[in-house]
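The block underneath contains the structure these notes are about, expressed in structure tokens.
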Number of protein chains: 2
Amino acid sequence: MLPPLRRARILELLRKDGMATLKDMSEALGVSMSTLRRDVDYLGESGHLERTHGGAMLNEDRRRALELEPAIASELESNAKRAIGYAAAELILTGQTVMFDSGTTTAAAARAARDRGIPFTAVTNDLAIAGLLSSSPSIRVLVVGGFVRTGTSTLLGPEILRAVSRLRADLVFIGTHALTPDDLSDTSADLADLKRSFVEAGERAIALVDTSKIFSRAFCSFANTRELDRVITDSRIRPEDLQALRDRVEVEIVSERE
Amino acid sequence: MLPPLRRARILELLRKDGMATLKDMSEALGVSMSTLRRDVDYLGESGHLERTHGGAMLNEDRRRALELEPAIASELESNAKRAIGYAAAELILTGQTVMFDSGTTTAAAARAARDRGIPFTAVTNDLAIAGLLSSSPSIRVLVVGGFVRTGTSTLLGPEILRAVSRLRADLVFIGTHALTPDDLSDTSADLADLKRSFVEAGERAIALVDTSKIFSRAFCSFANTRELDRVITDSRIRPEDLQALRDRVEVEIVSERE
DNA sequence: GAAGATCATGAATTATCTTGAAAGTACCTG
DNA sequence: CAGGTACTTTCAAGATAATTCATGATCTTC
């Protein structure tokens with residue numbers, strides 16, 4: 001069995017329950033623990049899954065489709081995402097206006113920003129982010145109106161484009177489905193249009209990217225990396241990718257703690 | 001059992017009652033006190049729960065921020081509210097546009113409407129209502145943008161007034177803080193303005209009122225009872241109040257089941 | 001087409017981590 | 001303040017992980 005196939009089947013196994021032990025997987029695939037360990041470590045470093053002692057579980061984004069309990073989802077939120085969110089929140093100054101694109105990485109930034117306790121104005125098209133921020137009395141939260149994308153907490157639509165294009169923000173946090181050294185892209189034209197308008201509305205645009213998304217390409221490009229003011233990602237980025245990216249834009253690498 | 005799963009299940013247990021003893025949890029999960037103690041301490045340090053002597057409880061702030069829907073599902077929603085919501089949802093016809101005012105009673109109507117499974121378009125200024133409707137693929141959900149009222153899931157502000165005044169709906173469900181035979185009123189001018197625009201935007205306006213609110217008066221009046229097409233309330237209304245109300249508007253009394 | 005290099009694999013060894021229990025300490029409660 | 005309960009610390013056993021090496025397969029290179 002070819003290694004890529006084996007790795008695909010590991011992810012397939014994980015999709016069943018969201019997590020599995022190494023022992024179970026080695027038996028299911030008929031390979032030795034050594035080989036399986038190497039595969040799982042590889043998939044962990046590339047961000048496709050998360051290692052745990054004795055097993056592995058799906059990457060947060062891939063797990064989302066399984067719709068676990070929110071409390072569980074939050075506990076399983078990756079350290080990388082938390083660290084990226086924390087670094088992003090550090091950039092916010094008192095009184096600024098900050099836009100949060102829809103997504104889990106930007107949600108991590110929103111949570112970290114809330115926990116910093118400084119007053120600022122937030123603008124978002126994500127119901128979950130709005131919910132997170134609403135508990136803090138020092139944060140003014142503006143939700144741009146639009147249609148809910150079924151099964152998600154994202155707001156979309158022409159109304160939103162108009163609303164966003166009228167706004168100016170000091171800081172914009174953008175999530176992305178895929179990032180290459182050249183551009184950022186996402187899965188649908190709707191989303192791409194919206195993210196495009198977010199980038200344009202901000203004085204500074206910061207892309208928050210976890211490494212499972214890095215250097216793949218999705219359907220619709222929505223921004224050039226040179227337009228960004230910074231990319232914040234985690235330390236699992238490959239050195240050669242980092243170099244290619246640094247030729248275009250300032251890159252901040254966060255270290256996952258704990 | 002993998003450690004992350006065990007920790008997730010601890011949070012799951014806590015979500016049921018809000019708190020639990022270490023002993024109960026160790027038995028429920030089938031792990032030793034030592035292990036459980038380590039997990040609970042870990043979750044305490046990461047902010048997911050609060051330690052107490054002999055047990056643990058869910059972090060209150062986190063509970064609300066994480067999940068908008070379960071907060072409504074809990075005791076907040078009385079049987080009366082459920083019954084009112086059910087009766088309201090019965091009024092919706094396939095393909096109609098329905099506006100949901102912000103509030104727990106209207107949220108009950110939204111939930112019942114979602115569970116009926118018929119396709120319609122919903123308009124709301126409530127994050128929680130949008131969240132619970134978004135899970136149904138047959139419902140188009142439009143969120144009117146605005147500022148979040150701190151500590152609630154209500155959207156407010158001038159943008160929303162403009163947006164609502166441009167819309168037309170077949171049906172509008174209105175919650176109210178207080179109801180007299182003459183008028184409906186609420187606590188702040190902002191809210192009253194908004195509810196006023198909701199009433200005007202709808203072909204038919206239906207007030208959903210549970211009896212704890214009936215026949216009191218709040219600060220700002222926002223509509224005359226004669227403008228309403230119907231009031232839905234529960235059977236605990238006093239007979240003389242019911243009579244006074246029926247002189248002005250059609251009243252539907254629901255019986256609380258269970 | 002053969003010799004050498006490179007790589008993937010699995011086994012064996014050693015190191016590290018997790019777990020549960022035991023012993024001692026601090027803390028609530030009556 | 002006495003008795004029980006919960007907490008902390010420590011340790012040993014088992015499980016998991018990292019490291020190393022031998023083997024066989026594939027790929028280069030001549």
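Numbering starts fresh at 1 for the residues of each chain in the structure tokens, the chains themselves are lettered A, B, ... in the order given, and ligands are numbered from 1 as they appear.
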For the contact check between chain A and chain C, emit one row per residue of chain A within 9 Å, containing the shortest atom pair and the distance in Å rounded to one decimal, counting only C-alpha atoms (C1' of nucleotides), chain then rising number order, as CSV.
residue,atom,partner,partner_atom,distance
A:Pro3,CA,C:DA8,C1',9.0
A:Val31,CA,C:DG10,C1',8.8
A:Ser32,CA,C:DG10,C1',6.3
A:Met33,CA,C:DG10,C1',8.4
A:Ser34,CA,C:DG10,C1',6.8
A:Thr35,CA,C:DT9,C1',6.7
A:His53,CA,C:DC17,C1',8.3
With all heavy atoms kept, could you save the residues just selected as a short mmCIF file (atom, residue, chain, number, x, y, z; two decimals), in the first residue's frame?
data_model
loop_
_atom_site.label_atom_id
_atom_site.label_comp_id
_atom_site.auth_asym_id
_atom_site.auth_seq_id
_atom_site.Cartn_x
_atom_site.Cartn_y
_atom_site.Cartn_z
N PRO A 3 2.10 4.98 0.60
CA PRO A 3 1.97 5.87 1.76
C PRO A 3 0.83 6.89 1.66
O PRO A 3 0.09 7.07 2.62
CB PRO A 3 3.33 6.56 1.83
CG PRO A 3 4.27 5.57 1.23
CD PRO A 3 3.48 4.86 0.16
N VAL A 31 -0.80 -2.36 9.40
CA VAL A 31 0.61 -1.92 9.35
C VAL A 31 1.17 -1.87 10.76
O VAL A 31 0.40 -1.88 11.73
CB VAL A 31 0.76 -0.53 8.69
CG1 VAL A 31 0.32 -0.57 7.24
CG2 VAL A 31 -0.03 0.50 9.48
N SER A 32 2.46 -1.84 10.86
CA SER A 32 3.09 -1.86 12.19
C SER A 32 2.88 -0.52 12.89
O SER A 32 2.56 0.50 12.27
CB SER A 32 4.58 -2.11 12.04
OG SER A 32 5.20 -0.96 11.53
N MET A 33 3.04 -0.56 14.18
CA MET A 33 2.92 0.66 14.97
C MET A 33 3.93 1.70 14.51
O MET A 33 3.64 2.90 14.50
CB MET A 33 3.14 0.34 16.45
CG MET A 33 2.03 -0.47 17.08
SD MET A 33 0.52 0.49 17.26
CE MET A 33 0.95 1.48 18.69
N SER A 34 5.10 1.24 14.17
CA SER A 34 6.15 2.19 13.77
C SER A 34 5.71 3.01 12.57
O SER A 34 5.79 4.24 12.56
CB SER A 34 7.44 1.45 13.42
OG SER A 34 7.93 0.79 14.54
N THR A 35 5.24 2.30 11.55
CA THR A 35 4.83 2.98 10.33
C THR A 35 3.64 3.90 10.60
O THR A 35 3.63 5.06 10.17
CB THR A 35 4.42 1.94 9.27
OG1 THR A 35 5.53 1.11 9.02
CG2 THR A 35 4.00 2.62 7.99
N HIS A 53 -1.84 11.72 23.22
CA HIS A 53 -1.10 10.57 23.73
C HIS A 53 -1.91 9.31 23.44
O HIS A 53 -3.03 9.18 23.91
CB HIS A 53 -0.86 10.74 25.23
CG HIS A 53 0.18 9.81 25.76
ND1 HIS A 53 1.52 10.14 25.71
CD2 HIS A 53 0.12 8.60 26.31
CE1 HIS A 53 2.22 9.16 26.24
NE2 HIS A 53 1.38 8.20 26.62
#
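Using only C-alpha atoms (C1' of nucleotides), the protein and nucleic acid residues lying no more than 9 Å from B:Arg168, apart from those fewer than 3 places from it along its own chain, are Thr97, Val164, Ser165, Leu171, Glu200, Ala201, Gly202 and Glu203 of chain B.
Between chain A and chain B, which have the same sequence, the C-alpha root-mean-square deviation after superposition works out to 11.9 Å.
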(request) Identify which of the residues D:DA25, D:DC7, D:DA2, D:DA18 lies closest to chain B, counting only C-alpha atoms (C1' of nucleotides) when measuring atom-to-atom distances. (result) D:DC7
Considering only C-alpha atoms, give me a table of residues in chain A that are at most 9 Å from chain B, with the closest atom pair and distance in Å for each, as CSV.
residue,atom,partner,partner_atom,distance
A:Met19,CA,B:Leu5,CA,8.3
A:Ala20,CA,B:Leu2,CA,8.0
A:Thr21,CA,B:Leu2,CA,7.3
A:Thr52,CA,B:Leu2,CA,7.4
A:His53,CA,B:Leu2,CA,7.2
A:Gly54,CA,B:Leu2,CA,6.9
A:Gly55,CA,B:Leu2,CA,6.9
A:Ala56,CA,B:Leu2,CA,8.6
A:Met57,CA,B:Pro4,CA,9.0
A:Glu69,CA,B:Glu12,CA,7.9
A:Pro70,CA,B:Glu67,CA,6.5
A:Ala71,CA,B:Leu11,CA,6.5
A:Ile72,CA,B:Ala8,CA,4.9
A:Ala73,CA,B:Ala8,CA,8.2
A:Ser74,CA,B:Leu66,CA,7.9
A:Glu75,CA,B:Ala8,CA,6.4
A:Leu76,CA,B:Pro4,CA,7.1
A:Val123,CA,B:Phe147,CA,8.9
A:Asn125,CA,B:Gly145,CA,8.9
A:Leu127,CA,B:Leu127,CA,6.2
A:Ala128,CA,B:Leu66,CA,7.8
A:Ile129,CA,B:Ala65,CA,8.9
A:Ala130,CA,B:Val148,CA,7.5
A:Gly131,CA,B:Ala65,CA,5.7
A:Leu132,CA,B:Ala65,CA,4.7
A:Leu133,CA,B:Ala65,CA,7.7
A:Ser134,CA,B:Thr150,CA,5.3
A:Ser135,CA,B:Gly151,CA,4.8
A:Ser136,CA,B:Thr150,CA,6.8
A:Pro137,CA,B:Thr150,CA,5.7
A:Ser138,CA,B:Thr150,CA,8.7
A:Ile139,CA,B:Thr150,CA,8.2
A:Arg140,CA,B:Phe147,CA,7.0
A:Val141,CA,B:Val148,CA,5.3
A:Leu142,CA,B:Phe147,CA,4.2
A:Val143,CA,B:Gly145,CA,5.0
A:Val144,CA,B:Gly145,CA,4.4
A:Gly145,CA,B:Gly145,CA,3.5
A:Gly146,CA,B:Val143,CA,5.3
A:Phe147,CA,B:Leu142,CA,4.3
A:Val148,CA,B:Val141,CA,5.4
A:Arg149,CA,B:Ser134,CA,7.2
A:Thr150,CA,B:Ser134,CA,5.2
A:Gly151,CA,B:Ser135,CA,4.8
A:Thr152,CA,B:Ser134,CA,6.9
A:Ser153,CA,B:Gly131,CA,6.8
A:Leu155,CA,B:Val143,CA,7.7
A:Ile160,CA,B:Gly145,CA,8.5
A:Ala163,CA,B:Gly145,CA,8.8
As a PDB file with N, CA, C and O atoms, in the first residue's frame, please: all residues of stretch 169-211 of chain B that backbone DSSP puts in helix (DSSP H, G or I).
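Below is the file result.pdb, written as the result:
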ATOM      1  N   ALA B 189     -36.265  53.293  24.729  1.00  0.00           N
ATOM      2  CA  ALA B 189     -36.734  53.931  23.509  1.00  0.00           C
ATOM      3  C   ALA B 189     -36.194  53.207  22.277  1.00  0.00           C
ATOM      4  O   ALA B 189     -36.897  53.021  21.282  1.00  0.00           O
ATOM      5  N   ASP B 190     -34.946  52.778  22.355  1.00  0.00           N
ATOM      6  CA  ASP B 190     -34.333  52.038  21.248  1.00  0.00           C
ATOM      7  C   ASP B 190     -35.170  50.825  20.865  1.00  0.00           C
ATOM      8  O   ASP B 190     -35.528  50.624  19.710  1.00  0.00           O
ATOM      9  N   LEU B 191     -35.430  50.021  21.887  1.00  0.00           N
ATOM     10  CA  LEU B 191     -36.195  48.799  21.654  1.00  0.00           C
ATOM     11  C   LEU B 191     -37.580  49.112  21.130  1.00  0.00           C
ATOM     12  O   LEU B 191     -38.081  48.453  20.219  1.00  0.00           O
ATOM     13  N   ALA B 192     -38.192  50.139  21.694  1.00  0.00           N
ATOM     14  CA  ALA B 192     -39.557  50.496  21.297  1.00  0.00           C
ATOM     15  C   ALA B 192     -39.577  50.932  19.829  1.00  0.00           C
ATOM     16  O   ALA B 192     -40.456  50.515  19.068  1.00  0.00           O
ATOM     17  N   ASP B 193     -38.613  51.738  19.435  1.00  0.00           N
ATOM     18  CA  ASP B 193     -38.534  52.163  18.038  1.00  0.00           C
ATOM     19  C   ASP B 193     -38.444  50.962  17.113  1.00  0.00           C
ATOM     20  O   ASP B 193     -39.109  50.893  16.077  1.00  0.00           O
ATOM     21  N   LEU B 194     -37.612  50.036  17.505  1.00  0.00           N
ATOM     22  CA  LEU B 194     -37.387  48.867  16.673  1.00  0.00           C
ATOM     23  C   LEU B 194     -38.650  48.025  16.549  1.00  0.00           C
ATOM     24  O   LEU B 194     -39.053  47.629  15.445  1.00  0.00           O
ATOM     25  N   LYS B 195     -39.276  47.773  17.680  1.00  0.00           N
ATOM     26  CA  LYS B 195     -40.490  46.952  17.655  1.00  0.00           C
ATOM     27  C   LYS B 195     -41.592  47.656  16.862  1.00  0.00           C
ATOM     28  O   LYS B 195     -42.369  47.022  16.150  1.00  0.00           O
ATOM     29  N   ARG B 196     -41.643  48.970  16.989  1.00  0.00           N
ATOM     30  CA  ARG B 196     -42.579  49.774  16.200  1.00  0.00           C
ATOM     31  C   ARG B 196     -42.376  49.478  14.700  1.00  0.00           C
ATOM     32  O   ARG B 196     -43.317  49.214  13.963  1.00  0.00           O
ATOM     33  N   SER B 197     -41.111  49.498  14.260  1.00  0.00           N
ATOM     34  CA  SER B 197     -40.847  49.301  12.833  1.00  0.00           C
ATOM     35  C   SER B 197     -41.160  47.861  12.420  1.00  0.00           C
ATOM     36  O   SER B 197     -41.586  47.609  11.296  1.00  0.00           O
ATOM     37  N   PHE B 198     -40.993  46.949  13.337  1.00  0.00           N
ATOM     38  CA  PHE B 198     -41.370  45.564  13.056  1.00  0.00           C
ATOM     39  C   PHE B 198     -42.869  45.474  12.808  1.00  0.00           C
ATOM     40  O   PHE B 198     -43.315  44.863  11.844  1.00  0.00           O
ATOM     41  N   VAL B 199     -43.642  46.081  13.694  1.00  0.00           N
ATOM     42  CA  VAL B 199     -45.105  46.013  13.565  1.00  0.00           C
ATOM     43  C   VAL B 199     -45.532  46.578  12.228  1.00  0.00           C
ATOM     44  O   VAL B 199     -46.391  46.026  11.527  1.00  0.00           O
ATOM     45  N   GLU B 200     -44.891  47.687  11.835  1.00  0.00           N
ATOM     46  CA  GLU B 200     -45.289  48.339  10.587  1.00  0.00           C
ATOM     47  C   GLU B 200     -44.880  47.546   9.349  1.00  0.00           C
ATOM     48  O   GLU B 200     -45.512  47.670   8.298  1.00  0.00           O
ATOM     49  N   ALA B 201     -43.834  46.753   9.475  1.00  0.00           N
ATOM     50  CA  ALA B 201     -43.322  46.039   8.301  1.00  0.00           C
ATOM     51  C   ALA B 201     -44.160  44.811   7.961  1.00  0.00           C
ATOM     52  O   ALA B 201     -44.047  44.271   6.868  1.00  0.00           O
TER      53      ALA B 201
END
Which residues of chain D sit at most 12 Å from chain B, using only C-alpha atoms (C1' of nucleotides)? Give each one's shortest atom pair and distance in Å (one decimal place), in chain and ascending residue order, as JSON lines.
{"residue": "D:DT5", "atom": "C1'", "partner": "B:Gly54", "partner_atom": "CA", "distance": 8.6}
{"residue": "D:DA6", "atom": "C1'", "partner": "B:Gly54", "partner_atom": "CA", "distance": 6.0}
{"residue": "D:DC7", "atom": "C1'", "partner": "B:His53", "partner_atom": "CA", "distance": 8.9}
{"residue": "D:DT8", "atom": "C1'", "partner": "B:Ser34", "partner_atom": "CA", "distance": 10.7}
{"residue": "D:DT9", "atom": "C1'", "partner": "B:Ser34", "partner_atom": "CA", "distance": 11.7}
{"residue": "D:DT16", "atom": "C1'", "partner": "B:Leu2", "partner_atom": "CA", "distance": 11.9}
(message) Quick check, in Å to one decimal: how far apart do atom CA of B:Thr176 and atom CA of B:Asp247 lie?
(response) 19.6 Å
(message) Among stretch 177-240 of chain B, which residues does DSSP mark as strand (DSSP E or B) when it is run on the backbone? Keep the chain and numbering as in the structure and answer as a PyMOL selection string.
(response) chain B and resi 178-179+183-186+202-208+214+220-224+230-234
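Atom CA of B:Gly30 lies 22.6 Å from atom C1' of D:DC11.
When atom CA of B:Phe173 is paired with atom CA of B:Asp115, their separation reads 16.9 Å.
Using only C-alpha atoms (C1' of nucleotides), the protein and nucleic acid residues lying no more than 7 Å from stretch 210-221 of chain A, apart from those fewer than 5 places from it along its own chain, are Ser46, Gly47, His48, Lys81, His177, Ala178, Leu179, Thr180, Asp183, Leu184, Ser185, Asp186, Thr187, Ser188, Ala189, Ala192, Thr233, Asp234, Arg236 and Ile237 of chain A.
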